Amino acid sequence: MKIGVLALQGDFDAHRKRLEELGAEVVLVKKPEQLDEIDGLVIPGGESGTFLKLLGEDGFAKLKAFVQSKPTFGTCAGAILLAKEVENPAQNGLGALDIGIRRNAYGRQIDSSIREGKFGDAPIEMVFIRAPKIERVGKDVEVIATEGSDPVAVRQGRTMAATFHPELSDDTRIHRAFLDLIK
Ligand code: GLN
C-alpha cells in the first residue's frame with residue numbers, strides 16, 4: 001500500500017512519520033503525476049489559500065480527479081480543500097465532502113488549543129491550530145469525531161477529514177481509521 005502525502009507546504013512530515021510508524025509506504029507528493037502511483041492521499045494542514053496557489057489550475061484539476069476516485073484524508077487546511085463550500089473568505093473546494101466549512105472559525109484569542117473530544121464514543125486528544133469549523137454536514141456525510149457539540153472529523157465514502165491535527169498527538173487511531181478505509 002503506497003500512501004502519498006501532499007508535500008507542497010505545511011506539516012506533511014508529521015503525517016509521513018505517523019503513516020510509516022503504522023507500516024505504510026509513504027511517497028511525498030510534489031508533482032501532479034505522482035498521484036498516479038499512490039493508493040491513497042493525505043492532504044496536511046497549512047494554509048489552504050497557499051495550497052491553491054501552489055497547485056495552480058492544472059494541479060487542482062488533477063487533484064480533483066484523484067479525490068473523486070481514491071481515498072483521501074485531509075487535516076485542517078486539507079479538510080478545507082476537500083469541502084464543497086468554503087467561507088471566511090470563500091474559496092474553491094475540491095467538493096469531495098458535502099460539507100460547508102468556515103476558515104479560522106475560532107478567532108484570534110483561541111488561535112490554537114489542545115482539547116479533548118470524542119472519536120466514536122472514546123475520548124481523544126485534539127490539537128487545533130487556526131482551525132476551521134464544519135458548519136454544514138450533508139446527508140451522506142458521517143460524523144466520526146466531535147468536540148463538544150461540533151463535528152470535527154467526518155467521512156463520506158472514501159474521503160475523510162479532520163479539523164484538528166491527529167499527526168501532532170501520540171494517538172494513532174485516526175490515521176489507522178484512514179488506513180482501514182484504504183484496505
Ligand atoms: N487557517 C488555515 C486555513 O484557513 C488552516 C490552518 C491549519 O491547517 N492548521 O487554511
# chains A, B, ... in the order shown; residues from 1 in each chain; ligands from 1
$ select_by_dssp --residues "segment 47-117 of chain A" --states "strand (DSSP E or B)" --output "VMD selection string"
chain A and resid 72 to 75 83 to 87 97 to 102 112 to 117
$ residues_around --residues "segment 148-151 of chain A" --least-positions-apart "6" --cutoff "10 Å" --atoms "only C-alpha atoms" --output "ChimeraX atom specification"
/A:115-118,133-137,142,162-163
$ write_last_selection --atoms "C-alpha atoms" --output "PDB file, in the first residue's frame"
ATOM      1  CA  ARG A 115      -8.910  19.930  23.745  1.00  0.00           C
ATOM      2  CA  GLU A 116     -10.476  16.585  24.475  1.00  0.00           C
ATOM      3  CA  GLY A 117     -13.101  15.362  22.062  1.00  0.00           C
ATOM      4  CA  LYS A 118     -14.673  12.054  21.157  1.00  0.00           C
ATOM      5  CA  LYS A 133     -15.343  24.817  11.757  1.00  0.00           C
ATOM      6  CA  ILE A 134     -17.639  22.441   9.912  1.00  0.00           C
ATOM      7  CA  GLU A 135     -20.891  24.380   9.743  1.00  0.00           C
ATOM      8  CA  ARG A 136     -22.974  22.195   7.475  1.00  0.00           C
ATOM      9  CA  VAL A 137     -22.918  18.403   7.159  1.00  0.00           C
ATOM     10  CA  GLU A 142     -20.913  10.586   8.639  1.00  0.00           C
ATOM     11  CA  ALA A 162     -10.484  16.344  10.459  1.00  0.00           C
ATOM     12  CA  THR A 163     -10.362  19.992  11.510  1.00  0.00           C
TER      13      THR A 163
END
$ closest_residue --among "A:Ser169, A:Asn92, A:Thr72, A:Gln34" --to "Ile124 of chain A" --atoms "only C-alpha atoms"
A:Ser169
$ residues_around --residues "Ala79 of chain A" --least-positions-apart "5" --cutoff "12 Å" --atoms "only C-alpha atoms" --output "VMD selection string"
chain A and resid 42 to 48 51 72 to 74 84 to 86 93 to 103 131 to 134 152 to 155 159 to 165
$ atom_distance --atom1 "atom CA of Leu19 of chain A" --atom2 "atom CA of Ile114 of chain A"
21.8 Å
$ residues_around --residues "Lys17 of chain A" --least-positions-apart "6" --cutoff "12 Å" --atoms "only C-alpha atoms" --output "ChimeraX atom specification"
/A:3,5,11,23-28,167-168,170,172,175
$ closest_residue --among "A:Phe119, A:Tyr106, A:Leu179, A:Pro166" --to "Glu147 of chain A" --atoms "only C-alpha atoms"
A:Phe119
$ atom_distance --atom1 "atom CA of Phe60 of chain A" --atom2 "atom CA of Leu82 of chain A"
11.2 Å
$ closest_residue --among "A:Ala14, A:Ala90, A:Val67, A:Ala122" --to "Leu35 of chain A" --atoms "only C-alpha atoms"
A:Val67
$ select_by_dssp --residues "segment 52-99 of chain A" --states "alpha helix (DSSP H)" --output "list of chain:residue names"
A:Leu52, A:Lys53, A:Leu54, A:Leu55, A:Gly56, A:Glu57, A:Asp58, A:Gly59, A:Phe60, A:Ala61, A:Lys62, A:Leu63, A:Lys64, A:Ala65, A:Phe66, A:Val67, A:Gln68, A:Ser69, A:Ala77, A:Gly78, A:Ala79, A:Ile80, A:Leu81, A:Leu82
$ write_last_selection --atoms "C-alpha atoms" --output "PDB file, in the first residue's frame"
ATOM      1  CA  LEU A  52      -4.476  26.510  -4.085  1.00  0.00           C
ATOM      2  CA  LYS A  53      -1.861  28.939  -5.389  1.00  0.00           C
ATOM      3  CA  LEU A  54       0.872  26.300  -5.430  1.00  0.00           C
ATOM      4  CA  LEU A  55      -1.383  23.735  -7.114  1.00  0.00           C
ATOM      5  CA  GLY A  56      -2.354  26.034  -9.938  1.00  0.00           C
ATOM      6  CA  GLU A  57      -5.247  25.235 -12.249  1.00  0.00           C
ATOM      7  CA  ASP A  58      -3.772  22.025 -13.659  1.00  0.00           C
ATOM      8  CA  GLY A  59      -2.710  20.684 -10.265  1.00  0.00           C
ATOM      9  CA  PHE A  60      -6.165  21.468  -8.872  1.00  0.00           C
ATOM     10  CA  ALA A  61      -7.886  19.633 -11.751  1.00  0.00           C
ATOM     11  CA  LYS A  62      -5.633  16.592 -11.363  1.00  0.00           C
ATOM     12  CA  LEU A  63      -6.157  16.548  -7.578  1.00  0.00           C
ATOM     13  CA  LYS A  64      -9.928  16.877  -8.051  1.00  0.00           C
ATOM     14  CA  ALA A  65      -9.957  13.818 -10.319  1.00  0.00           C
ATOM     15  CA  PHE A  66      -7.838  11.916  -7.766  1.00  0.00           C
ATOM     16  CA  VAL A  67     -10.075  12.645  -4.758  1.00  0.00           C
ATOM     17  CA  GLN A  68     -13.133  11.536  -6.723  1.00  0.00           C
ATOM     18  CA  SER A  69     -11.694   8.067  -7.221  1.00  0.00           C
ATOM     19  CA  ALA A  77      -6.277  23.117   5.630  1.00  0.00           C
ATOM     20  CA  GLY A  78      -6.652  19.714   3.924  1.00  0.00           C
ATOM     21  CA  ALA A  79     -10.233  19.485   5.230  1.00  0.00           C
ATOM     22  CA  ILE A  80     -10.892  22.956   3.828  1.00  0.00           C
ATOM     23  CA  LEU A  81      -9.585  21.890   0.412  1.00  0.00           C
ATOM     24  CA  LEU A  82     -11.825  18.797   0.362  1.00  0.00           C
TER      25      LEU A  82
END
$ closest_residue --among "A:Leu22, A:Ile38, A:Val29, A:Ala105" --to "ligand 1" --atoms "only C-alpha atoms and all ligand atoms"
A:Ala105
$ atom_distance --atom1 "atom 5 (C, counted along the ligand's line) of ligand 1" --atom2 "atom CA of His15 of chain A"
15.6 Å
$ closest_residue --among "A:Arg130, A:Lys2, A:Lys183, A:Arg173" --to "Arg16 of chain A" --atoms "only C-alpha atoms"
A:Lys2
$ closest_residue --among "A:Asp39, A:Glu21, A:Asp13, A:Asp111" --to "ligand 1" --atoms "only C-alpha atoms and all ligand atoms"
A:Asp111
